[in-house]
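Pasting final.cif here (mmCIF, C-alpha atoms and all ligand atoms):
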```cif
data_protein
#
loop_
_atom_site.group_PDB
_atom_site.id
_atom_site.type_symbol
_atom_site.label_atom_id
_atom_site.label_comp_id
_atom_site.auth_asym_id
_atom_site.auth_seq_id
_atom_site.Cartn_x
_atom_site.Cartn_y
_atom_site.Cartn_z
ATOM 1 C CA MET W 25 -32.464 111.854 31.861
ATOM 2 C CA SER W 26 -33.922 112.686 28.473
ATOM 3 C CA LYS W 27 -37.579 113.363 27.988
ATOM 4 C CA SER W 28 -37.732 110.904 25.085
ATOM 5 C CA ILE W 29 -37.897 107.878 27.369
ATOM 6 C CA PHE W 30 -41.413 108.770 28.430
ATOM 7 C CA SER W 31 -42.531 110.554 25.258
ATOM 8 C CA GLY W 32 -45.902 109.367 24.127
ATOM 9 C CA LEU W 33 -47.402 109.383 27.615
ATOM 10 C CA GLU W 34 -48.395 113.056 27.425
ATOM 11 C CA ASP W 35 -51.930 112.172 26.349
ATOM 12 C CA LEU W 36 -52.293 109.983 29.394
ATOM 13 C CA GLY W 37 -51.660 112.977 31.598
ATOM 14 C CA PHE W 38 -47.946 112.605 32.110
ATOM 15 C CA ASP W 39 -46.737 115.773 30.473
ATOM 16 C CA ASP W 40 -44.506 117.075 33.252
ATOM 17 C CA ILE W 41 -41.766 114.506 33.116
ATOM 18 C CA ASP W 42 -38.949 116.465 31.463
ATOM 19 C CA GLU W 43 -36.304 115.644 33.987
ATOM 20 C CA ILE W 44 -36.681 112.171 35.311
ATOM 21 C CA ASP W 45 -33.733 110.508 36.967
ATOM 22 C CA LEU W 46 -34.598 106.867 36.246
ATOM 23 C CA TYR W 47 -31.969 105.264 38.462
ATOM 24 C CA ASN W 48 -31.757 108.011 41.053
ATOM 25 C CA THR W 49 -28.120 108.510 40.142
ATOM 26 C CA LYS W 50 -28.213 112.155 41.139
ATOM 27 C CA LYS W 51 -29.303 111.282 44.639
ATOM 28 C CA LYS W 52 -26.387 108.837 44.889
ATOM 29 C CA GLU W 53 -23.980 111.484 43.671
ATOM 30 C CA ILE W 54 -25.148 113.825 46.373
ATOM 31 C CA LYS W 55 -24.551 111.126 48.960
ATOM 32 C CA LYS W 56 -21.017 110.658 47.668
ATOM 33 C CA GLU W 57 -20.396 114.388 47.874
ATOM 34 C CA GLU W 58 -21.740 114.407 51.398
ATOM 35 C CA LEU W 59 -19.245 111.686 52.337
ATOM 36 C CA LEU W 60 -16.403 113.646 50.796
ATOM 37 C CA GLU W 61 -17.370 116.617 52.902
ATOM 38 C CA LEU W 62 -17.126 114.633 56.132
ATOM 39 C CA THR W 63 -14.164 115.283 58.371
ATOM 40 C CA ASP W 64 -11.797 112.392 59.142
ATOM 41 C CA GLU W 65 -13.390 112.071 62.552
ATOM 42 C CA GLU W 66 -16.907 111.863 61.106
ATOM 43 C CA LYS W 67 -15.717 109.241 58.620
ATOM 44 C CA GLU W 68 -14.199 107.183 61.434
ATOM 45 C CA ILE W 69 -17.403 107.351 63.450
ATOM 46 C CA LYS W 70 -19.233 105.804 60.490
ATOM 47 C CA LEU W 71 -16.739 102.918 60.485
ATOM 48 C CA LEU W 72 -17.342 102.101 64.156
ATOM 49 C CA TYR W 73 -20.170 100.391 65.955
ATOM 50 C CA ASP W 74 -20.983 99.730 69.599
ATOM 51 C CA ARG W 75 -20.722 96.270 71.100
ATOM 52 C CA GLU W 76 -22.500 95.508 74.320
ATOM 53 C CA ILE W 77 -20.128 93.950 76.838
ATOM 54 C CA THR W 78 -20.699 92.586 80.326
ATOM 55 C CA CYS W 79 -17.784 93.110 82.684
ATOM 56 C CA PRO W 80 -16.660 89.781 84.175
ATOM 57 C CA VAL W 81 -15.518 91.579 87.343
ATOM 58 C CA CYS W 82 -18.457 93.819 88.309
ATOM 59 C CA ASP W 83 -21.248 92.715 85.894
ATOM 60 C CA ASN W 84 -21.539 96.263 84.571
ATOM 61 C CA VAL W 85 -22.983 96.297 81.052
ATOM 62 C CA PHE W 86 -21.220 98.816 78.830
ATOM 63 C CA LYS W 87 -20.664 99.653 75.197
ATOM 64 C CA ALA W 88 -17.267 99.085 73.618
ATOM 65 C CA LYS W 89 -16.320 100.596 70.296
ATOM 66 C CA ALA W 90 -15.507 98.143 67.552
ATOM 67 C CA VAL W 91 -14.328 98.587 63.978
ATOM 68 C CA LYS W 92 -16.655 97.229 61.287
ATOM 69 C CA THR W 93 -14.826 94.312 59.689
ATOM 70 C CA SER W 94 -15.293 95.733 56.211
ATOM 71 C CA ALA W 95 -13.790 99.079 57.287
ATOM 72 C CA ALA W 96 -10.213 98.075 58.082
ATOM 73 C CA ARG W 97 -7.984 98.489 55.048
ATOM 74 C CA MET W 98 -4.446 97.130 55.293
ATOM 75 C CA SER W 99 -1.717 99.202 53.703
ATOM 76 C CA GLY W 100 1.312 97.155 54.721
ATOM 77 C CA ARG W 101 2.989 94.921 57.262
ATOM 78 C CA ASP W 102 6.241 95.495 59.165
ATOM 79 C CA SER W 103 8.721 92.642 59.605
ATOM 80 C CA ASP W 104 7.533 92.069 63.189
ATOM 81 C CA SER W 105 3.909 91.587 62.074
ATOM 82 C CA PHE W 106 2.715 95.126 62.808
ATOM 83 C CA ILE W 107 -0.057 95.827 60.321
ATOM 84 C CA ARG W 108 -0.334 99.310 58.844
ATOM 85 C CA TYR W 109 -3.857 100.515 58.146
ATOM 86 C CA ASP W 110 -5.488 103.273 56.111
ATOM 87 C CA VAL W 111 -8.401 105.398 57.315
ATOM 88 C CA ILE W 112 -9.075 103.660 60.620
ATOM 89 C CA ASN W 113 -6.665 101.811 62.895
ATOM 90 C CA PRO W 114 -8.200 98.741 64.584
ATOM 91 C CA TYR W 115 -5.314 98.628 67.120
ATOM 92 C CA PHE W 116 -6.721 101.815 68.653
ATOM 93 C CA TYR W 117 -9.881 99.898 69.610
ATOM 94 C CA ASP W 118 -8.200 96.700 70.796
ATOM 95 C CA VAL W 119 -8.531 97.372 74.537
ATOM 96 C CA TRP W 120 -11.869 97.248 76.336
ATOM 97 C CA ILE W 121 -12.220 99.120 79.591
ATOM 98 C CA CYS W 122 -15.027 98.758 82.124
ATOM 99 C CA ASN W 123 -15.525 102.320 83.236
ATOM 100 C CA LYS W 124 -17.180 101.225 86.476
ATOM 101 C CA CYS W 125 -14.407 99.089 87.985
ATOM 102 C CA GLY W 126 -11.410 99.806 85.744
ATOM 103 C CA TYR W 127 -10.938 96.246 84.548
ATOM 104 C CA SER W 128 -9.216 96.419 81.155
ATOM 105 C CA ALA W 129 -7.854 93.873 78.703
ATOM 106 C CA MET W 130 -7.290 93.343 75.010
ATOM 107 C CA LYS W 131 -10.635 92.297 73.602
ATOM 108 C CA SER W 132 -9.730 88.659 72.888
ATOM 109 C CA ASP W 133 -8.829 88.177 76.569
ATOM 110 C CA PHE W 134 -11.550 90.278 78.131
ATOM 111 C CA ASN W 135 -13.768 87.416 79.248
ATOM 112 C CA LYS W 136 -10.955 84.972 79.981
ATOM 113 C CA LEU W 137 -10.631 85.783 83.651
ATOM 114 C CA ARG W 138 -10.406 83.241 86.476
ATOM 115 C CA GLY W 139 -12.012 83.589 89.887
ATOM 116 C CA TYR W 140 -8.812 84.538 91.709
ATOM 117 C CA GLN W 141 -8.041 87.103 89.003
ATOM 118 C CA ILE W 142 -11.465 88.724 89.441
ATOM 119 C CA ASP W 143 -10.654 89.047 93.155
ATOM 120 C CA LEU W 144 -7.289 90.622 92.294
ATOM 121 C CA VAL W 145 -8.935 93.272 90.080
ATOM 122 C CA LYS W 146 -11.472 94.002 92.835
ATOM 123 C CA GLU W 147 -8.666 94.333 95.340
ATOM 124 C CA LYS W 148 -6.027 96.213 93.350
ATOM 125 C CA ILE W 149 -7.714 98.071 90.474
ATOM 126 C CA GLN W 150 -11.279 98.868 91.490
ATOM 127 C CA PRO W 151 -10.548 100.888 94.686
ATOM 128 C CA LYS W 152 -8.129 103.161 92.804
ATOM 129 C CA TRP W 153 -10.061 103.501 89.543
ATOM 130 C CA ARG W 154 -11.309 106.930 88.511
ATOM 131 C CA PRO W 155 -13.786 106.678 85.598
ATOM 132 C CA LYS W 156 -12.882 108.417 82.367
ATOM 133 C CA ASN W 157 -14.975 109.355 79.375
ATOM 134 C CA TYR W 158 -13.138 108.830 76.123
ATOM 135 C CA PRO W 159 -14.084 110.706 72.925
ATOM 136 C CA ASP W 160 -16.012 109.026 70.085
ATOM 137 C CA VAL W 161 -12.863 108.422 68.063
ATOM 138 C CA TYR W 162 -9.545 107.258 69.520
ATOM 139 C CA ASN W 163 -6.061 108.343 68.481
ATOM 140 C CA VAL W 164 -2.617 106.869 69.064
ATOM 141 C CA ASN W 165 -2.140 108.625 72.422
ATOM 142 C CA ILE W 166 -5.471 107.341 73.712
ATOM 143 C CA ALA W 167 -4.515 103.883 72.430
ATOM 144 C CA ILE W 168 -1.236 104.039 74.389
ATOM 145 C CA GLU W 169 -3.084 104.970 77.578
ATOM 146 C CA ARG W 170 -5.571 102.119 77.062
ATOM 147 C CA PHE W 171 -2.853 99.546 76.263
ATOM 148 C CA LYS W 172 -1.016 100.630 79.426
ATOM 149 C CA LEU W 173 -4.175 100.175 81.467
ATOM 150 C CA SER W 174 -4.650 96.671 80.100
ATOM 151 C CA LEU W 175 -0.980 95.875 80.756
ATOM 152 C CA LEU W 176 -1.442 96.996 84.366
ATOM 153 C CA ASN W 177 -4.424 94.635 84.627
ATOM 154 C CA TYR W 178 -2.414 91.721 83.174
ATOM 155 C CA TYR W 179 0.318 92.487 85.699
ATOM 156 C CA VAL W 180 -2.041 92.739 88.663
ATOM 157 C CA THR W 181 -3.880 89.536 87.686
ATOM 158 C CA ASP W 182 -0.605 87.647 87.265
ATOM 159 C CA SER W 183 -1.440 86.812 83.637
ATOM 160 C CA LYS W 184 0.664 84.623 81.367
ATOM 161 C CA PRO W 185 3.917 86.116 80.012
ATOM 162 C CA SER W 186 2.594 85.716 76.427
ATOM 163 C CA LYS W 187 -0.313 88.090 77.152
ATOM 164 C CA LYS W 188 1.913 90.714 78.761
ATOM 165 C CA ALA W 189 4.404 90.319 75.902
ATOM 166 C CA MET W 190 1.764 90.806 73.191
ATOM 167 C CA ASN W 191 0.442 93.844 75.050
ATOM 168 C CA CYS W 192 3.998 95.264 75.214
ATOM 169 C CA LEU W 193 4.566 94.544 71.509
ATOM 170 C CA LYS W 194 1.408 96.483 70.630
ATOM 171 C CA LEU W 195 2.589 99.370 72.827
ATOM 172 C CA ALA W 196 5.901 99.330 70.945
ATOM 173 C CA TRP W 197 3.973 99.533 67.671
ATOM 174 C CA MET W 198 1.967 102.521 68.907
ATOM 175 C CA TYR W 199 5.201 104.316 69.787
ATOM 176 C CA ARG W 200 6.507 103.394 66.328
ATOM 177 C CA LEU W 201 3.558 105.285 64.843
ATOM 178 C CA LEU W 202 4.706 108.272 66.905
ATOM 179 C CA LYS W 203 8.339 107.720 65.801
ATOM 180 C CA ASP W 204 9.250 107.598 69.506
ATOM 181 C CA THR W 205 12.143 105.132 69.212
ATOM 182 C CA GLU W 206 13.110 105.285 72.877
ATOM 183 C CA ASN W 207 9.752 104.084 74.129
ATOM 184 C CA GLU W 208 9.409 101.700 71.197
ATOM 185 C CA SER W 209 12.684 99.990 72.176
ATOM 186 C CA MET W 210 11.690 99.861 75.837
ATOM 187 C CA PHE W 211 8.477 97.989 74.996
ATOM 188 C CA LEU W 212 10.155 95.785 72.369
ATOM 189 C CA LYS W 213 12.587 94.725 75.106
ATOM 190 C CA GLN W 214 9.734 93.938 77.471
ATOM 191 C CA ALA W 215 7.929 92.015 74.726
ATOM 192 C CA LEU W 216 11.057 89.988 73.962
ATOM 193 C CA GLU W 217 11.549 89.088 77.618
ATOM 194 C CA GLY W 218 7.940 87.890 77.826
ATOM 195 C CA PHE W 219 8.018 85.877 74.588
ATOM 196 C CA ASN W 220 11.329 84.275 75.596
ATOM 197 C CA SER W 221 9.785 83.114 78.849
ATOM 198 C CA ALA W 222 6.536 82.043 77.168
ATOM 199 C CA PHE W 223 8.391 80.085 74.479
ATOM 200 C CA PHE W 224 9.997 77.790 77.024
ATOM 201 C CA ASN W 225 7.227 77.671 79.632
ATOM 202 C CA GLU W 226 3.838 77.935 77.915
ATOM 203 C CA ALA W 227 1.900 75.644 75.617
ATOM 204 C CA PHE W 228 1.553 76.721 71.980
ATOM 205 C CA PRO W 229 -0.001 78.697 70.420
ATOM 206 C CA LEU W 230 1.390 81.773 72.188
ATOM 207 C CA TYR W 231 -1.274 84.376 71.654
ATOM 208 C CA ASN W 232 -2.356 82.916 68.296
ATOM 209 C CA MET W 233 1.248 82.341 67.216
ATOM 210 C CA ASP W 234 2.301 78.767 66.528
ATOM 211 C CA LYS W 235 5.779 77.579 67.519
ATOM 212 C CA PHE W 236 7.513 78.637 64.303
ATOM 213 C CA THR W 237 5.881 82.067 64.168
ATOM 214 C CA SER W 238 6.887 82.597 67.802
ATOM 215 C CA MET W 239 10.491 81.681 66.910
ATOM 216 C CA TYR W 240 10.426 84.180 64.057
ATOM 217 C CA ILE W 241 9.067 86.973 66.271
ATOM 218 C CA ILE W 242 11.698 86.288 68.944
ATOM 219 C CA GLY W 243 14.418 86.393 66.269
ATOM 220 C CA GLU W 244 13.031 89.606 64.789
ATOM 221 C CA LEU W 245 12.686 91.368 68.154
ATOM 222 C CA ASN W 246 16.308 90.454 68.911
ATOM 223 C CA ARG W 247 17.351 91.857 65.539
ATOM 224 C CA ARG W 248 15.440 95.083 66.037
ATOM 225 C CA LEU W 249 17.050 95.515 69.449
ATOM 226 C CA GLY W 250 20.535 94.994 68.009
ATOM 227 C CA ASN W 251 21.034 91.534 69.587
ATOM 228 C CA ASN W 252 22.394 90.342 66.265
ATOM 229 C CA ASP W 253 23.987 87.055 67.317
ATOM 230 C CA GLU W 254 20.881 85.978 69.202
ATOM 231 C CA GLY W 255 18.646 87.016 66.285
ATOM 232 C CA SER W 256 20.789 85.037 63.828
ATOM 233 C CA LYS W 257 20.509 81.951 66.020
ATOM 234 C CA TRP W 258 16.683 81.967 65.911
ATOM 235 C CA PHE W 259 16.551 82.644 62.162
ATOM 236 C CA SER W 260 19.135 79.929 61.418
ATOM 237 C CA GLN W 261 17.144 77.468 63.455
ATOM 238 C CA LEU W 262 14.005 78.276 61.450
ATOM 239 C CA ILE W 263 15.857 77.973 58.139
ATOM 240 C CA THR W 264 17.216 74.526 59.031
ATOM 241 C CA THR W 265 14.182 73.063 60.806
ATOM 242 C CA TYR W 266 12.058 70.537 58.947
ATOM 243 C CA GLY W 267 8.400 71.483 58.592
ATOM 244 C CA VAL W 268 8.761 75.262 58.738
ATOM 245 C CA PRO W 269 6.538 76.787 55.990
ATOM 246 C CA SER W 270 8.619 78.026 53.057
ATOM 247 C CA LYS W 271 7.253 81.574 53.386
ATOM 248 C CA LEU W 272 8.508 81.801 56.961
ATOM 249 C CA LYS W 273 11.865 80.328 55.915
ATOM 250 C CA ASP W 274 12.179 83.002 53.224
ATOM 251 C CA ARG W 275 11.364 85.760 55.696
ATOM 252 C CA SER W 276 13.917 84.321 58.129
ATOM 253 C CA ARG W 277 16.581 84.276 55.397
ATOM 254 C CA ASP W 278 15.830 87.926 54.569
ATOM 255 C CA GLN W 279 16.149 88.975 58.200
ATOM 256 C CA ARG W 280 19.332 86.959 58.720
ATOM 257 C CA ASP W 281 20.802 88.692 55.641
ATOM 258 C CA LEU W 282 19.940 92.070 57.167
ATOM 259 C CA ILE W 283 21.854 91.079 60.312
ATOM 260 C CA LYS W 284 24.846 89.976 58.200
ATOM 261 C CA GLU W 285 24.839 93.317 56.395
ATOM 262 C CA ALA W 286 24.718 95.195 59.695
ATOM 263 C CA GLN W 287 27.592 93.076 61.040
ATOM 264 C CA GLU W 288 29.682 93.726 57.922
ATOM 265 C CA LEU W 289 29.126 97.440 58.351
ATOM 266 C CA GLU W 290 30.175 97.205 61.989
ATOM 267 C CA LYS W 291 33.357 95.416 60.982
ATOM 268 C CA GLY W 292 34.037 98.209 58.506
ATOM 269 C CA VAL W 293 33.611 100.781 61.238
ATOM 270 C CA ASP W 294 35.945 98.806 63.518
ATOM 271 C CA LYS W 295 38.632 98.766 60.835
ATOM 272 C CA LEU W 296 38.226 102.466 60.272
ATOM 273 C CA ASN W 297 38.622 103.111 63.975
ATOM 274 C CA ASN W 298 41.764 101.006 64.167
ATOM 275 C CA VAL W 299 43.356 102.910 61.296
ATOM 276 C CA ASN W 300 42.379 106.171 62.872
ATOM 277 C CA SER W 301 43.983 105.279 66.210
ATOM 278 C CA SER W 302 45.283 108.774 66.866
ATOM 279 C CA GLU W 303 41.771 109.940 67.528
ATOM 280 C CA LYS W 304 41.254 107.061 69.976
ATOM 281 C CA GLN W 305 37.619 106.726 69.195
ATOM 282 C CA ASN W 306 35.504 104.557 71.406
ATOM 283 C CA THR W 307 34.820 101.528 69.222
ATOM 284 C CA LYS W 308 32.217 100.180 71.568
ATOM 285 C CA GLU W 309 30.198 103.349 71.365
ATOM 286 C CA LYS W 310 30.347 103.279 67.571
ATOM 287 C CA LYS W 311 29.298 99.678 67.507
ATOM 288 C CA GLY W 312 26.320 100.409 69.675
ATOM 289 C CA PHE W 313 25.366 103.366 67.598
ATOM 290 C CA PHE W 314 25.533 101.502 64.317
ATOM 291 C CA SER W 315 23.768 98.418 65.545
ATOM 292 C CA ARG W 316 20.939 100.642 66.653
ATOM 293 C CA PHE W 317 20.990 102.609 63.447
ATOM 294 C CA PHE W 318 20.720 99.581 61.221
ATOM 295 C CA SER W 319 18.361 97.542 63.300
HETATM 296 ZN ZN ZN I 1 -16.313 96.226 85.724
#
```
For this file, write the structure as structure tokens.
Amino acid sequence: MSKSIFSGLEDLGFDDIDEIDLYNTKKKEIKKEELLELTDEEKEIKLLYDREITCPVCDNVFKAKAVKTSAARMSGRDSDSFIRYDVINPYFYDVWICNKCGYSAMKSDFNKLRGYQIDLVKEKIQPKWRPKNYPDVYNVNIAIERFKLSLLNYYVTDSKPSKKAMNCLKLAWMYRLLKDTENESMFLKQALEGFNSAFFNEAFPLYNMDKFTSMYIIGELNRRLGNNDEGSKWFSQLITTYGVPSKLKDRSRDQRDLIKEAQELEKGVDKLNNVNSSEKQNTKEKKGFFSRFFS
């Protein structure tokens, strides 16, 4: 800041104002630098806050970590609705755990517990539960452990298939972050089984998904698991059903095209194998391999 701004005030006693920072910009700059110097973990801590929760099973009041709504920055979305985030991953903080009794659930379900389910947690979870102190910031492995705990609670409390399926889908996504395709497939399969059952037996929405979105997810999980014919059936139904939003129809067309491409490639491999009969390759094995590879 130049001295000239306040020149003329010297006679009034203000003669020591050479370096005045009128808008305190320097202070702000320092703050910015301080932020840059923070480690990733320190940055994440700043993006979290504590929510006070009362456990519906044992009335214990505890603090659950939550991501500030302004903090989550989306960087992309996979074809099965998995959202990719920068900086902080809200999925890591999706499960709340009561450290006193062990009751755990995804946060949107946490308080939706019926009387008989409370008794089931008291009977089957609480006596076995060993409290655990988690660090200030969670990572993907902690998230997997917490999602598994909530899945165990959904199982023990005989929760709706849609809840178990959504929990399994989120577990599959966590394994996708780890590039652990074996576990990802195992949980995608479990999710598909649950959504299939929920689709025909539960009222919509299924875990916030309306009927058409549920159909799309079932089609997409089939496709990802290499059940190409089944996947095509769901996508075709969406494409030809009146009232399906055009965006969802477009996405269904894209996914059905991917299946067609994979099937064409499989046919090509079959032909190749037939020509190359002297080697007697196992066509079935090839088929399986390619359907997995291109799913
Ligand atoms: Zn509790």
- Task: Go through the chains and note each residue within 12 Å of ligand ZN 1 (chain I), using all atoms listed in the file, then give the set as an NGL selection string.
- Result: :W and (77-87 or 120-129 or 134-135 or 142-143 or 145-146 or 149-151 or 153 or 155)
- Message: Evaluate the PyMOL selection byres (((chain W and resi 163) around 12) and not hetatm) against this structure - the residues, as a PyMOL selection string, please.
- Response: chain W and resi 64-65+68+111-117+158-162+164-170+198+201-202
- Note on the structure: Shortest contact to Ile107 of chain W, candidates W:Lys213, W:Arg200, W:Lys235, W:Arg248, atoms counted all atoms listed in the file, goes to W:Arg200
- Message: Residue by residue, what does the PyMOL selection byres (((chain W and resi 220) around 10) and not hetatm) grab here? Present the result as a list in words.
- Response: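 Checking the PyMOL selection byres (((chain W and resi 220) around 10) and not hetatm) against this file, the residues are Pro185, Ser186, Ala189, Gln214, Ala215, Leu216, Glu217, Gly218, Phe219, Ser221, Ala222, Phe223, Phe224, Asn225, Ser238, Met239, Ile241 and Ile242 of chain W.
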- Task: Would you translate the PyMOL selection byres (((chain W and resi 261-267) around 12) and not hetatm) into the concrete set of residues it matches in this file, as a PyMOL selection string?
- Result: chain W and resi 235-244+254-260+268-280
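Remark: for Gln141 of chain W, the closest of the candidate residues W:Tyr178, W:Phe171, W:Phe211, W:Phe106 is W:Tyr178 (distances computed over all atoms listed in the file).
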- Message: As an exercise, work out the distance from atom CA of Ala196 of chain W to atom CA of Lys136 of chain W in Å and give it to one decimal place.
- Response: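 Those two atoms sit 23.9 Å apart.
Note that the spacing between atom CA of Asp253 of chain W and atom CA of Leu282 of chain W amounts to 12.0 Å.
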- atom CA of Thr205 of chain W and atom CA of Asp281 of chain W, how far apart in Å? 23.0 Å
- Item | From W:Asp133, W:Asp74, W:Glu208, W:Asp45, residue lying nearest Tyr231 of chain W [all atoms listed in the file] |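 Closest to Tyr231 of chain W of all the choices is W:Asp133.
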- Top pick for closest residue to Asn246 of chain W, considering W:Asp104, W:Ala88, W:Lys187, W:Glu147 and counting only C-alpha atoms: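 Smallest separation from Asn246 of chain W among the options: W:Asp104.
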- Query: Taking into account all atoms listed in the file, which residue in the set W:Leu193, W:Val91, W:Ile283, W:Leu212 is nearest to Leu71 of chain W?
  - Reply: W:Val91
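Among W:Ser132, W:Leu144, W:Leu249, W:Val119, the residue with the shortest atom-to-atom distance to Leu173 of chain W, counting all atoms listed in the file, is W:Val119.
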Using 8 Å of padding on each side, determine the axis-aligned box around all atoms of segment 138-143 of chain W present in the file and give its centre and edge lengths in Å to one decimal, as lines of an AutoDock Vina configuration file.
```
center_x = -10.0
center_y = 86.1
center_z = 89.8
size_x = 20.0
size_y = 21.8
size_z = 22.7
```
